[in-house]
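Text of structure.txt, listed as compact mmCIF, C-alpha atoms:
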# COMPACT_ATOMS: atom_id res chain seq x y z
CA MET R 1 -29.40 1.21 -10.36
CA PRO R 2 -25.87 0.55 -11.77
CA ILE R 3 -24.35 2.79 -9.09
CA THR R 4 -26.21 0.86 -6.42
CA ILE R 5 -24.98 -2.46 -7.80
CA CYS R 6 -21.36 -1.30 -7.91
CA ALA R 7 -21.57 0.14 -4.41
CA ARG R 8 -22.92 -3.18 -3.16
CA VAL R 9 -20.04 -5.10 -4.76
CA LEU R 10 -17.47 -2.69 -3.32
CA SER R 11 -18.95 -3.06 0.14
CA ILE R 12 -18.21 -6.79 0.10
CA GLY R 13 -14.44 -6.30 0.06
CA ILE R 14 -11.73 -7.43 -2.30
CA PRO R 15 -13.56 -9.97 -4.56
CA TRP R 16 -14.54 -8.56 -6.98
CA ILE R 17 -15.04 -5.67 -9.34
CA ASP R 18 -15.85 -8.01 -12.22
CA ALA R 19 -19.56 -7.58 -11.60
CA CYS R 20 -19.27 -3.82 -12.05
CA LEU R 21 -17.29 -4.22 -15.26
CA VAL R 22 -19.78 -6.69 -16.67
CA GLY R 23 -22.73 -4.59 -15.52
CA LEU R 24 -21.39 -1.44 -17.12
CA SER R 25 -20.66 -3.32 -20.34
CA LEU R 26 -24.22 -4.68 -20.48
CA ILE R 27 -25.69 -1.26 -19.72
CA ALA R 28 -23.57 0.34 -22.43
CA ALA R 29 -24.44 -2.35 -24.97
CA GLY R 30 -28.12 -2.77 -24.15
CA VAL R 31 -29.49 0.52 -22.85
CA LEU R 32 -27.69 3.13 -24.92
CA PRO R 33 -28.53 3.41 -28.61
CA ALA R 34 -26.09 1.80 -31.00
CA ALA R 35 -24.06 3.98 -33.32
CA ASP R 36 -25.42 4.01 -36.85
CA VAL R 37 -22.18 4.53 -38.76
CA THR R 38 -18.56 4.50 -37.62
CA THR R 39 -16.81 7.48 -39.23
CA ASP R 40 -13.06 8.01 -39.63
CA SER R 41 -13.11 10.55 -36.80
CA ASP R 42 -14.92 8.07 -34.53
CA ALA R 43 -12.30 5.41 -35.29
CA THR R 44 -9.46 7.86 -34.63
CA ALA R 45 -11.00 8.89 -31.30
CA ALA R 46 -11.36 5.26 -30.24
CA GLU R 47 -7.75 4.50 -31.18
CA ASP R 48 -6.44 7.56 -29.29
CA GLN R 49 -8.41 6.64 -26.18
CA LEU R 50 -6.98 3.11 -26.25
CA LYS R 51 -3.47 4.48 -26.81
CA GLN R 52 -3.81 6.95 -23.94
CA LEU R 53 -3.86 4.05 -21.47
CA ASN R 54 -0.12 3.57 -22.15
CA ASP R 55 0.94 6.76 -23.93
CA ARG R 56 1.59 9.89 -21.82
CA THR R 57 1.90 12.07 -24.94
CA ILE R 58 -1.83 11.85 -25.71
CA ILE R 59 -4.11 14.07 -23.62
CA GLY R 60 -7.86 13.57 -23.40
CA SER R 61 -10.11 14.57 -20.51
CA TYR R 62 -11.46 11.63 -18.53
CA ILE R 63 -12.51 10.21 -15.20
CA SER R 64 -11.62 6.67 -14.18
CA LEU R 65 -11.96 4.12 -11.41
CA ASP R 66 -9.04 1.73 -11.04
CA THR R 67 -9.19 -1.40 -8.88
CA GLU R 68 -5.78 -2.81 -8.02
CA TRP R 69 -5.21 -6.07 -6.15
CA ASP R 70 -1.75 -6.96 -4.80
CA GLN R 71 -0.80 -10.44 -3.61
CA PHE R 72 2.28 -10.67 -1.35
CA LYS R 73 4.41 -13.72 -0.67
CA HIS R 74 3.68 -13.75 3.06
CA GLY R 75 -0.05 -13.98 2.34
CA THR R 76 -1.12 -10.36 2.84
CA GLU R 77 -3.54 -8.98 0.24
CA LYS R 78 -4.17 -5.33 -0.54
CA ALA R 79 -6.89 -3.74 -2.65
CA THR R 80 -6.73 -0.13 -3.83
CA TRP R 81 -9.58 1.73 -5.50
CA THR R 82 -8.28 4.90 -7.17
CA ALA R 83 -10.56 7.61 -8.56
CA THR R 84 -8.73 9.74 -11.13
CA GLY R 85 -9.78 12.87 -12.93
CA LEU R 86 -7.79 14.45 -15.78
CA TRP R 87 -8.77 17.68 -17.48
CA GLY R 88 -6.99 18.62 -20.69
CA TRP R 89 -7.37 21.67 -22.92
CA PRO R 90 -5.74 22.72 -26.20
CA VAL R 91 -3.33 25.64 -26.44
CA ASN R 92 -3.18 25.44 -30.23
CA ASP R 93 -3.29 22.82 -32.97
CA ARG R 94 -0.02 21.31 -31.74
CA GLN R 95 -0.06 21.56 -27.94
CA ASP R 96 -2.31 20.53 -25.04
CA TRP R 97 -2.13 21.08 -21.29
CA ALA R 98 -3.61 18.94 -18.52
CA VAL R 99 -4.06 18.68 -14.76
CA ARG R 100 -4.68 15.39 -12.96
CA PHE R 101 -5.93 14.39 -9.51
CA LYS R 102 -5.85 10.92 -7.88
CA LEU R 103 -7.69 9.83 -4.74
CA PRO R 104 -7.03 6.25 -3.54
CA VAL R 105 -9.02 4.19 -1.02
CA VAL R 106 -7.05 1.24 0.38
CA TYR R 107 -8.03 -1.99 2.13
CA GLU R 108 -5.38 -4.36 3.46
CA ARG R 109 -6.18 -7.87 4.65
CA MET R 110 -3.62 -9.57 6.88
CA THR R 111 -2.88 -13.28 7.07
CA GLU R 112 -4.56 -15.33 9.77
CA GLY R 113 -2.45 -15.60 12.89
CA SER R 114 -0.40 -12.50 12.06
CA GLY R 115 -1.75 -10.70 15.11
CA HIS R 116 -2.67 -7.60 13.06
CA ALA R 117 -6.19 -6.47 12.23
CA ASP R 118 -7.36 -5.69 8.71
CA ILE R 119 -7.25 -1.96 7.96
CA GLY R 120 -8.82 0.36 5.41
CA GLY R 121 -9.04 4.06 4.64
CA VAL R 122 -7.86 6.87 2.37
CA GLY R 123 -4.41 6.60 0.82
CA ASP R 124 -1.95 9.20 -0.45
CA VAL R 125 -3.42 11.83 -2.81
CA GLU R 126 -1.55 12.83 -5.97
CA ILE R 127 -1.97 16.02 -8.03
CA GLY R 128 0.00 17.11 -11.07
CA GLY R 129 0.09 18.86 -14.40
CA GLY R 130 1.74 18.44 -17.78
CA THR R 131 1.79 19.25 -21.46
CA ALA R 132 2.09 17.37 -24.77
CA PHE R 133 3.15 18.40 -28.28
CA ARG R 134 2.16 16.87 -31.61
CA LEU R 135 5.29 17.12 -33.74
CA ASN R 136 3.70 15.55 -36.84
CA ASN R 137 1.21 12.82 -37.69
CA GLY R 138 3.40 10.07 -36.24
CA TRP R 139 5.47 11.70 -33.46
CA ARG R 140 4.54 13.30 -30.14
CA THR R 141 6.35 14.32 -26.98
CA GLY R 142 5.32 15.58 -23.57
CA GLY R 143 5.94 15.57 -19.86
CA GLY R 144 4.85 16.82 -16.50
CA ILE R 145 5.37 16.96 -12.76
CA GLU R 146 3.29 15.47 -9.95
CA LEU R 147 3.16 15.87 -6.17
CA HIS R 148 2.62 12.76 -4.05
CA ALA R 149 1.17 13.95 -0.73
CA ASP R 150 1.28 12.22 2.66
CA THR R 151 -2.49 12.21 3.23
CA ALA R 152 -3.21 8.59 4.23
CA SER R 153 -5.71 8.17 7.06
CA ASN R 154 -3.45 5.44 8.47
CA SER R 155 0.34 5.41 8.05
CA ALA R 156 0.17 1.74 7.00
CA LEU R 157 -1.97 2.70 3.98
CA GLY R 158 0.47 5.27 2.57
CA GLU R 159 4.15 5.81 2.00
CA SER R 160 4.65 8.49 4.70
CA VAL R 161 6.47 10.77 2.26
CA TRP R 162 5.94 13.98 0.32
CA ARG R 163 7.47 13.32 -3.10
CA LEU R 164 7.92 15.08 -6.43
CA HIS R 165 7.61 12.94 -9.55
CA SER R 166 8.69 14.22 -12.99
CA LEU R 167 8.28 12.56 -16.39
CA TRP R 168 9.11 13.05 -20.03
CA ALA R 169 7.93 10.74 -22.82
CA VAL R 170 8.01 10.34 -26.58
CA GLY R 171 5.18 8.75 -28.54
CA HIS R 172 5.63 7.24 -32.00
CA ASP R 173 3.02 5.55 -34.19
CA VAL R 174 5.21 2.98 -35.92
CA THR R 175 2.20 1.79 -37.90
CA LYS R 176 -1.53 2.39 -37.66
CA TRP R 177 -1.78 -0.55 -35.26
CA LEU R 178 1.48 -0.23 -33.25
CA THR R 179 2.51 2.64 -30.94
CA LEU R 180 5.67 2.97 -28.83
CA ALA R 181 5.85 5.48 -25.97
CA PRO R 182 9.19 5.28 -24.08
CA ALA R 183 9.35 7.41 -20.93
CA VAL R 184 11.89 8.59 -18.36
CA GLU R 185 10.65 9.29 -14.82
CA TYR R 186 12.46 10.61 -11.76
CA SER R 187 11.12 10.74 -8.18
CA GLN R 188 12.61 12.50 -5.15
CA SER R 189 11.09 12.68 -1.68
CA LEU R 190 10.81 16.14 -0.10
CA ALA R 191 9.89 15.12 3.47
CA GLU R 192 9.51 11.82 5.30
CA GLU R 193 7.44 10.78 8.31
CA ASN R 194 7.46 7.78 10.68
CA ASP R 195 11.20 7.17 10.22
CA VAL R 196 10.73 6.33 6.53
CA ALA R 197 13.95 6.49 4.49
CA SER R 198 14.49 9.17 1.87
CA GLN R 199 13.45 8.19 -1.65
CA SER R 200 15.30 8.88 -4.90
CA TYR R 201 14.85 6.69 -7.96
CA LEU R 202 14.82 6.72 -11.75
CA GLU R 203 12.41 4.71 -13.91
CA LEU R 204 12.84 3.84 -17.59
CA SER R 205 9.84 2.31 -19.34
CA LEU R 206 8.86 1.11 -22.79
CA PRO R 207 5.08 0.85 -23.21
CA THR R 208 3.64 -0.54 -26.43
CA THR R 209 0.05 -0.53 -27.69
CA PHE R 210 -1.30 -2.89 -30.35
CA ILE R 211 -4.60 -1.69 -31.84
CA LEU R 212 -6.86 -4.61 -32.76
CA PRO R 213 -10.09 -4.74 -34.79
CA TYR R 214 -13.43 -3.85 -33.22
CA ASP R 215 -11.91 -1.30 -30.77
CA TRP R 216 -9.77 -3.76 -28.84
CA SER R 217 -6.15 -3.27 -27.86
CA VAL R 218 -3.30 -5.11 -26.15
CA GLY R 219 -0.71 -3.20 -24.16
CA THR R 220 2.66 -4.26 -22.81
CA LYS R 221 5.23 -2.44 -20.69
CA TYR R 222 8.76 -3.18 -19.55
CA LYS R 223 10.02 -0.98 -16.72
CA ALA R 224 13.47 -0.75 -15.12
CA LYS R 225 13.83 1.15 -11.85
CA VAL R 226 17.11 2.10 -10.21
CA ASP R 227 16.90 2.95 -6.50
CA PHE R 228 19.61 5.49 -5.64
CA GLU R 229 18.93 5.21 -1.89
CA ASN R 230 19.38 1.43 -1.84
CA GLY R 231 22.80 0.87 -3.33
CA ASP R 232 21.66 1.69 -6.88
CA HIS R 233 19.56 -1.49 -6.82
CA TRP R 234 17.77 -2.29 -10.09
CA ILE R 235 14.18 -3.56 -10.18
CA HIS R 236 12.63 -4.93 -13.38
CA THR R 237 8.90 -5.40 -14.00
CA VAL R 238 6.74 -6.35 -16.96
CA ASP R 239 3.02 -6.02 -17.43
CA VAL R 240 0.51 -6.97 -20.09
CA GLY R 241 -3.03 -5.73 -20.47
CA ILE R 242 -6.09 -5.84 -22.67
CA ALA R 243 -8.66 -3.11 -23.27
CA LYS R 244 -12.01 -2.68 -25.01
CA ARG R 245 -13.57 0.61 -26.04
CA ILE R 246 -17.38 0.49 -26.06
CA SER R 247 -18.53 1.30 -29.57
CA ASN R 248 -21.34 3.77 -28.86
CA ILE R 249 -19.92 5.71 -25.90
CA PRO R 250 -16.36 6.86 -25.02
CA LEU R 251 -15.97 4.23 -22.29
CA VAL R 252 -12.88 2.00 -22.08
CA LEU R 253 -12.66 -1.15 -19.94
CA SER R 254 -9.18 -2.52 -19.31
CA ALA R 255 -7.37 -5.18 -17.26
CA THR R 256 -3.63 -5.48 -16.53
CA LEU R 257 -1.36 -8.08 -14.93
CA GLU R 258 2.01 -6.93 -13.57
CA LYS R 259 4.86 -9.20 -12.49
CA SER R 260 8.24 -8.34 -10.99
CA LEU R 261 11.31 -9.96 -12.55
CA SER R 262 13.51 -9.06 -9.57
CA GLY R 263 11.82 -10.94 -6.75
CA GLY R 264 10.62 -8.94 -3.76
CA ALA R 265 7.67 -9.29 -1.41
CA LYS R 266 4.98 -8.78 -4.08
CA LYS R 267 4.01 -11.88 -6.08
CA PHE R 268 1.89 -10.09 -8.67
CA GLN R 269 -0.54 -7.24 -9.22
CA ILE R 270 -3.87 -7.25 -11.08
CA SER R 271 -5.70 -4.06 -12.10
CA PHE R 272 -9.16 -3.41 -13.57
CA THR R 273 -9.97 0.09 -14.84
CA ILE R 274 -13.09 1.84 -16.11
CA THR R 275 -12.32 5.07 -18.01
CA TYR R 276 -14.87 7.54 -19.36
CA TYR R 277 -13.63 10.22 -21.79
CA PHE R 278 -15.44 13.56 -21.84
CA GLU R 279 -14.20 14.65 -25.21
CA ARG R 280 -12.44 13.14 -28.13
CA TYR R 281 -8.80 13.83 -28.62
CA ARG R 282 -8.34 16.39 -31.40
CA SER R 283 -6.08 15.04 -34.13
CA PRO R 284 -3.83 17.47 -36.00
CA LYS R 285 -5.04 18.77 -39.33

Taking this structure as input, can you express it in the form of structure tokens?
Amino acid sequence: MPITICARVLSIGIPWIDACLVGLSLIAAGVLPAADVTTDSDATAAEDQLKQLNDRTIIGSYISLDTEWDQFKHGTEKATWTATGLWGWPVNDRQDWAVRFKLPVVYERMTEGSGHADIGGVGDVEIGGGTAFRLNNGWRTGGGIELHADTASNSALGESVWRLHSLWAVGHDVTKWLTLAPAVEYSQSLAEENDVASQSYLELSLPTTFILPYDWSVGTKYKAKVDFENGDHWIHTVDVGIAKRISNIPLVLSATLEKSLSGGAKKFQISFTITYYFERYRSPK
């Protein structure tokens, strides 16, 4: 029944995934049995799953469905539903490996009178792998590499490039309730189609996670991007999000608002994500 309800909402178009989020929350709260006692290990698992939304140095296997809505200044709206699967496995007590796969489905609605029809289809697939190290109880580091493939069913729904994306991050638990996870990312296109320009850019980001009582969290991120193919142009963005981990199952519901500080065609971006973790992240002994 819940799958049928969500499928019905998705078939309507862009507005809105809220019904699925609410439905899943009610199902989790009302149908599944409540946890009798919250142990220290349960609390640690919940905190790690909330941190993993912003911290690339924490690896836990999961599947997720992300709904992203972009509003552009000229009136065009775009919705992207991205199914993601990440599988992680431990090498030893200090190191984990992971592989990740992303499959987006995109729908773009044009403004009235633009002369262009609305379009929808599969976007660009991404696949990658990485590793993370637990240095001690408060410090972690890790990184990886990802391939962005030109697989969109319509060139307007993708970027028309094959691109390699690399990342390295450091995670630090400043306190039990505050985590910083600065990251450095570099992307370079390997091949371009449809007369698309070559891509080469560096991204510096500072994500923070505030752990709140009752398995809630607030996340923020500042990101600076320098575009080497566009006169070393800098782009600055900030986003803020809130997340809730369901108490009796490893399910996290989150919402994020992103805003550019450098102008551009995009006015803002809103994302809603449902993440289910298959196993709890193993804390160091």

Per-residue nearest contacts stretch 110-201 of chain R to stretch 208-211 of chain R, cut-off 9 Å, using only C-alpha atoms, as a tab-separated table:
residue	atom	partner	partner_atom	distance
R:Lys176	CA	R:Ile211	CA	7.7
R:Trp177	CA	R:Ile211	CA	4.6
R:Leu178	CA	R:Phe210	CA	4.8
R:Thr179	CA	R:Thr209	CA	5.2
R:Leu180	CA	R:Thr208	CA	4.7
R:Ala181	CA	R:Thr208	CA	6.4
R:Pro182	CA	R:Thr208	CA	8.4

Per residue of stretch 122-234 of chain R within 10 Å of stretch 247-270 of chain R, note the shortest atom pair and the distance in Å to one decimal, counting all atoms listed in the file, and order the rows by chain and increasing residue number, as CSV.
residue,atom,partner,partner_atom,distance
R:Tyr214,CA,R:Ser247,CA,8.1
R:Asp215,CA,R:Ser247,CA,7.2
R:Trp216,CA,R:Val252,CA,9.4
R:Ser217,CA,R:Ser254,CA,9.1
R:Val218,CA,R:Ser254,CA,9.4
R:Gly219,CA,R:Thr256,CA,8.5
R:Thr220,CA,R:Thr256,CA,9.0
R:Lys221,CA,R:Glu258,CA,9.0
R:Tyr222,CA,R:Glu258,CA,9.8
R:Lys223,CA,R:Ser260,CA,9.5
R:Ala224,CA,R:Leu261,CA,9.8
R:Trp234,CA,R:Ser262,CA,8.0

Within 12 Å of stretch 189-196 of chain R, which residues of stretch 92-173 of chain R show up? Give each one with its shortest atom-to-atom distance in Å (one decimal) and the two atoms involved, counting only C-alpha atoms, rows by chain then rising residue number, as CSV.
residue,atom,partner,partner_atom,distance
R:Glu146,CA,R:Ser189,CA,11.7
R:Leu147,CA,R:Ser189,CA,9.7
R:His148,CA,R:Ser189,CA,8.8
R:Ala149,CA,R:Ala191,CA,9.7
R:Asp150,CA,R:Glu193,CA,8.5
R:Thr151,CA,R:Glu193,CA,11.2
R:Ala152,CA,R:Glu193,CA,11.6
R:Asn154,CA,R:Asn194,CA,11.4
R:Ser155,CA,R:Asn194,CA,8.0
R:Ala156,CA,R:Asn194,CA,10.2
R:Gly158,CA,R:Glu193,CA,10.6
R:Glu159,CA,R:Val196,CA,8.0
R:Ser160,CA,R:Glu193,CA,5.1
R:Val161,CA,R:Glu192,CA,4.4
R:Trp162,CA,R:Ala191,CA,5.2
R:Arg163,CA,R:Ser189,CA,3.9
R:Leu164,CA,R:Ser189,CA,6.2
R:His165,CA,R:Ser189,CA,8.6
R:Ser166,CA,R:Ser189,CA,11.7

Using only C-alpha atoms, please write the residues we just selected to a file, as a short mmCIF file (atom, residue, chain, number, x, y, z; two decimals), in the coordinates of the input.
data_model
loop_
_atom_site.label_atom_id
_atom_site.label_comp_id
_atom_site.auth_asym_id
_atom_site.auth_seq_id
_atom_site.Cartn_x
_atom_site.Cartn_y
_atom_site.Cartn_z
CA GLU R 146 3.29 15.47 -9.95
CA LEU R 147 3.16 15.87 -6.17
CA HIS R 148 2.62 12.76 -4.05
CA ALA R 149 1.17 13.95 -0.73
CA ASP R 150 1.28 12.22 2.66
CA THR R 151 -2.49 12.21 3.23
CA ALA R 152 -3.21 8.59 4.23
CA ASN R 154 -3.45 5.44 8.47
CA SER R 155 0.34 5.41 8.05
CA ALA R 156 0.17 1.74 7.00
CA GLY R 158 0.47 5.27 2.57
CA GLU R 159 4.15 5.81 2.00
CA SER R 160 4.65 8.49 4.70
CA VAL R 161 6.47 10.77 2.26
CA TRP R 162 5.94 13.98 0.32
CA ARG R 163 7.47 13.32 -3.10
CA LEU R 164 7.92 15.08 -6.43
CA HIS R 165 7.61 12.94 -9.55
CA SER R 166 8.69 14.22 -12.99
#

For R:Lys102, the closest of R:Ile63, R:Val184, R:Val125, R:Ile274 counting all atoms listed in the file is R:Val125

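Atom pair atom CA of R:Glu68 / atom CA of R:Asp239 has a distance of 13.3 Å (rounded to one decimal).
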
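Interatomic distance, atom CA of R:Met110 to atom CA of R:Phe272: 22.1 Å.
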
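Taking atom CA of R:Asn54 and atom CA of R:Gly130 as endpoints, the distance between them is 15.6 Å.
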
With N, CA and C atoms as the atom set, please write stretch 192-224 of chain R from the structure just given, as a PDB file, in the first residue's frame.
ATOM      1  N   GLU R 192      33.167  15.445 -24.067  1.00  0.00           N
ATOM      2  CA  GLU R 192      31.988  16.301 -24.140  1.00  0.00           C
ATOM      3  C   GLU R 192      31.202  15.997 -25.408  1.00  0.00           C
ATOM      4  N   GLU R 193      29.888  16.158 -25.328  1.00  0.00           N
ATOM      5  CA  GLU R 193      29.004  15.964 -26.475  1.00  0.00           C
ATOM      6  C   GLU R 193      28.181  17.234 -26.692  1.00  0.00           C
ATOM      7  N   ASN R 194      27.575  17.333 -27.866  1.00  0.00           N
ATOM      8  CA  ASN R 194      26.646  18.431 -28.190  1.00  0.00           C
ATOM      9  C   ASN R 194      27.273  19.808 -28.007  1.00  0.00           C
ATOM     10  N   ASP R 195      28.559  19.923 -28.353  1.00  0.00           N
ATOM     11  CA  ASP R 195      29.273  21.204 -28.298  1.00  0.00           C
ATOM     12  C   ASP R 195      29.336  21.798 -26.892  1.00  0.00           C
ATOM     13  N   VAL R 196      29.267  20.954 -25.872  1.00  0.00           N
ATOM     14  CA  VAL R 196      29.380  21.414 -24.492  1.00  0.00           C
ATOM     15  C   VAL R 196      30.849  21.716 -24.189  1.00  0.00           C
ATOM     16  N   ALA R 197      31.112  22.796 -23.467  1.00  0.00           N
ATOM     17  CA  ALA R 197      32.475  23.189 -23.135  1.00  0.00           C
ATOM     18  C   ALA R 197      33.100  22.218 -22.136  1.00  0.00           C
ATOM     19  N   SER R 198      34.411  22.134 -22.170  1.00  0.00           N
ATOM     20  CA  SER R 198      35.140  21.306 -21.213  1.00  0.00           C
ATOM     21  C   SER R 198      34.915  21.822 -19.794  1.00  0.00           C
ATOM     22  N   GLN R 199      34.929  20.913 -18.828  1.00  0.00           N
ATOM     23  CA  GLN R 199      34.683  21.288 -17.442  1.00  0.00           C
ATOM     24  C   GLN R 199      35.905  20.992 -16.582  1.00  0.00           C
ATOM     25  N   SER R 200      36.255  21.923 -15.732  1.00  0.00           N
ATOM     26  CA  SER R 200      37.349  21.752 -14.780  1.00  0.00           C
ATOM     27  C   SER R 200      37.102  22.716 -13.624  1.00  0.00           C
ATOM     28  N   TYR R 201      36.802  22.187 -12.449  1.00  0.00           N
ATOM     29  CA  TYR R 201      36.513  23.069 -11.323  1.00  0.00           C
ATOM     30  C   TYR R 201      36.871  22.419  -9.993  1.00  0.00           C
ATOM     31  N   LEU R 202      37.123  23.279  -9.018  1.00  0.00           N
ATOM     32  CA  LEU R 202      37.489  22.867  -7.665  1.00  0.00           C
ATOM     33  C   LEU R 202      36.415  23.355  -6.705  1.00  0.00           C
ATOM     34  N   GLU R 203      36.038  22.502  -5.750  1.00  0.00           N
ATOM     35  CA  GLU R 203      35.028  22.870  -4.763  1.00  0.00           C
ATOM     36  C   GLU R 203      35.584  22.684  -3.355  1.00  0.00           C
ATOM     37  N   LEU R 204      35.413  23.698  -2.529  1.00  0.00           N
ATOM     38  CA  LEU R 204      35.802  23.658  -1.121  1.00  0.00           C
ATOM     39  C   LEU R 204      34.534  23.808  -0.290  1.00  0.00           C
ATOM     40  N   SER R 205      34.301  22.894   0.628  1.00  0.00           N
ATOM     41  CA  SER R 205      33.055  22.945   1.396  1.00  0.00           C
ATOM     42  C   SER R 205      33.318  22.733   2.879  1.00  0.00           C
ATOM     43  N   LEU R 206      32.443  23.313   3.685  1.00  0.00           N
ATOM     44  CA  LEU R 206      32.503  23.141   5.134  1.00  0.00           C
ATOM     45  C   LEU R 206      31.124  22.747   5.640  1.00  0.00           C
ATOM     46  N   PRO R 207      30.839  21.446   5.703  1.00  0.00           N
ATOM     47  CA  PRO R 207      29.563  20.995   6.270  1.00  0.00           C
ATOM     48  C   PRO R 207      29.654  20.902   7.797  1.00  0.00           C
ATOM     49  N   THR R 208      28.571  21.224   8.457  1.00  0.00           N
ATOM     50  CA  THR R 208      28.476  21.064   9.906  1.00  0.00           C
ATOM     51  C   THR R 208      27.189  20.320  10.237  1.00  0.00           C
ATOM     52  N   THR R 209      27.235  19.521  11.292  1.00  0.00           N
ATOM     53  CA  THR R 209      26.055  18.794  11.758  1.00  0.00           C
ATOM     54  C   THR R 209      25.868  19.049  13.246  1.00  0.00           C
ATOM     55  N   PHE R 210      24.687  19.506  13.621  1.00  0.00           N
ATOM     56  CA  PHE R 210      24.321  19.702  15.021  1.00  0.00           C
ATOM     57  C   PHE R 210      23.348  18.594  15.411  1.00  0.00           C
ATOM     58  N   ILE R 211      23.744  17.743  16.339  1.00  0.00           N
ATOM     59  CA  ILE R 211      22.882  16.666  16.823  1.00  0.00           C
ATOM     60  C   ILE R 211      21.973  17.224  17.922  1.00  0.00           C
ATOM     61  N   LEU R 212      20.670  17.038  17.733  1.00  0.00           N
ATOM     62  CA  LEU R 212      19.680  17.531  18.677  1.00  0.00           C
ATOM     63  C   LEU R 212      19.040  16.362  19.426  1.00  0.00           C
ATOM     64  N   PRO R 213      18.337  16.636  20.519  1.00  0.00           N
ATOM     65  CA  PRO R 213      17.657  15.550  21.245  1.00  0.00           C
ATOM     66  C   PRO R 213      16.599  14.862  20.384  1.00  0.00           C
ATOM     67  N   TYR R 214      16.259  13.651  20.785  1.00  0.00           N
ATOM     68  CA  TYR R 214      15.203  12.863  20.156  1.00  0.00           C
ATOM     69  C   TYR R 214      15.512  12.557  18.688  1.00  0.00           C
ATOM     70  N   ASP R 215      16.790  12.328  18.376  1.00  0.00           N
ATOM     71  CA  ASP R 215      17.234  11.899  17.034  1.00  0.00           C
ATOM     72  C   ASP R 215      16.888  12.908  15.945  1.00  0.00           C
ATOM     73  N   TRP R 216      17.027  14.174  16.250  1.00  0.00           N
ATOM     74  CA  TRP R 216      16.924  15.232  15.258  1.00  0.00           C
ATOM     75  C   TRP R 216      18.316  15.805  15.004  1.00  0.00           C
ATOM     76  N   SER R 217      18.497  16.426  13.848  1.00  0.00           N
ATOM     77  CA  SER R 217      19.744  17.119  13.570  1.00  0.00           C
ATOM     78  C   SER R 217      19.494  18.298  12.637  1.00  0.00           C
ATOM     79  N   VAL R 218      20.394  19.263  12.690  1.00  0.00           N
ATOM     80  CA  VAL R 218      20.397  20.389  11.763  1.00  0.00           C
ATOM     81  C   VAL R 218      21.756  20.413  11.071  1.00  0.00           C
ATOM     82  N   GLY R 219      21.750  20.529   9.757  1.00  0.00           N
ATOM     83  CA  GLY R 219      22.987  20.568   9.005  1.00  0.00           C
ATOM     84  C   GLY R 219      23.113  21.850   8.210  1.00  0.00           C
ATOM     85  N   THR R 220      24.317  22.364   8.126  1.00  0.00           N
ATOM     86  CA  THR R 220      24.596  23.535   7.304  1.00  0.00           C
ATOM     87  C   THR R 220      25.808  23.239   6.431  1.00  0.00           C
ATOM     88  N   LYS R 221      25.920  23.955   5.319  1.00  0.00           N
ATOM     89  CA  LYS R 221      27.083  23.781   4.444  1.00  0.00           C
ATOM     90  C   LYS R 221      27.345  25.075   3.671  1.00  0.00           C
ATOM     91  N   TYR R 222      28.600  25.496   3.720  1.00  0.00           N
ATOM     92  CA  TYR R 222      29.059  26.583   2.852  1.00  0.00           C
ATOM     93  C   TYR R 222      29.986  25.971   1.800  1.00  0.00           C
ATOM     94  N   LYS R 223      29.765  26.324   0.545  1.00  0.00           N
ATOM     95  CA  LYS R 223      30.585  25.755  -0.528  1.00  0.00           C
ATOM     96  C   LYS R 223      31.056  26.853  -1.464  1.00  0.00           C
ATOM     97  N   ALA R 224      32.356  26.842  -1.771  1.00  0.00           N
ATOM     98  CA  ALA R 224      32.950  27.769  -2.732  1.00  0.00           C
ATOM     99  C   ALA R 224      33.481  26.957  -3.907  1.00  0.00           C
TER     100      ALA R 224
END
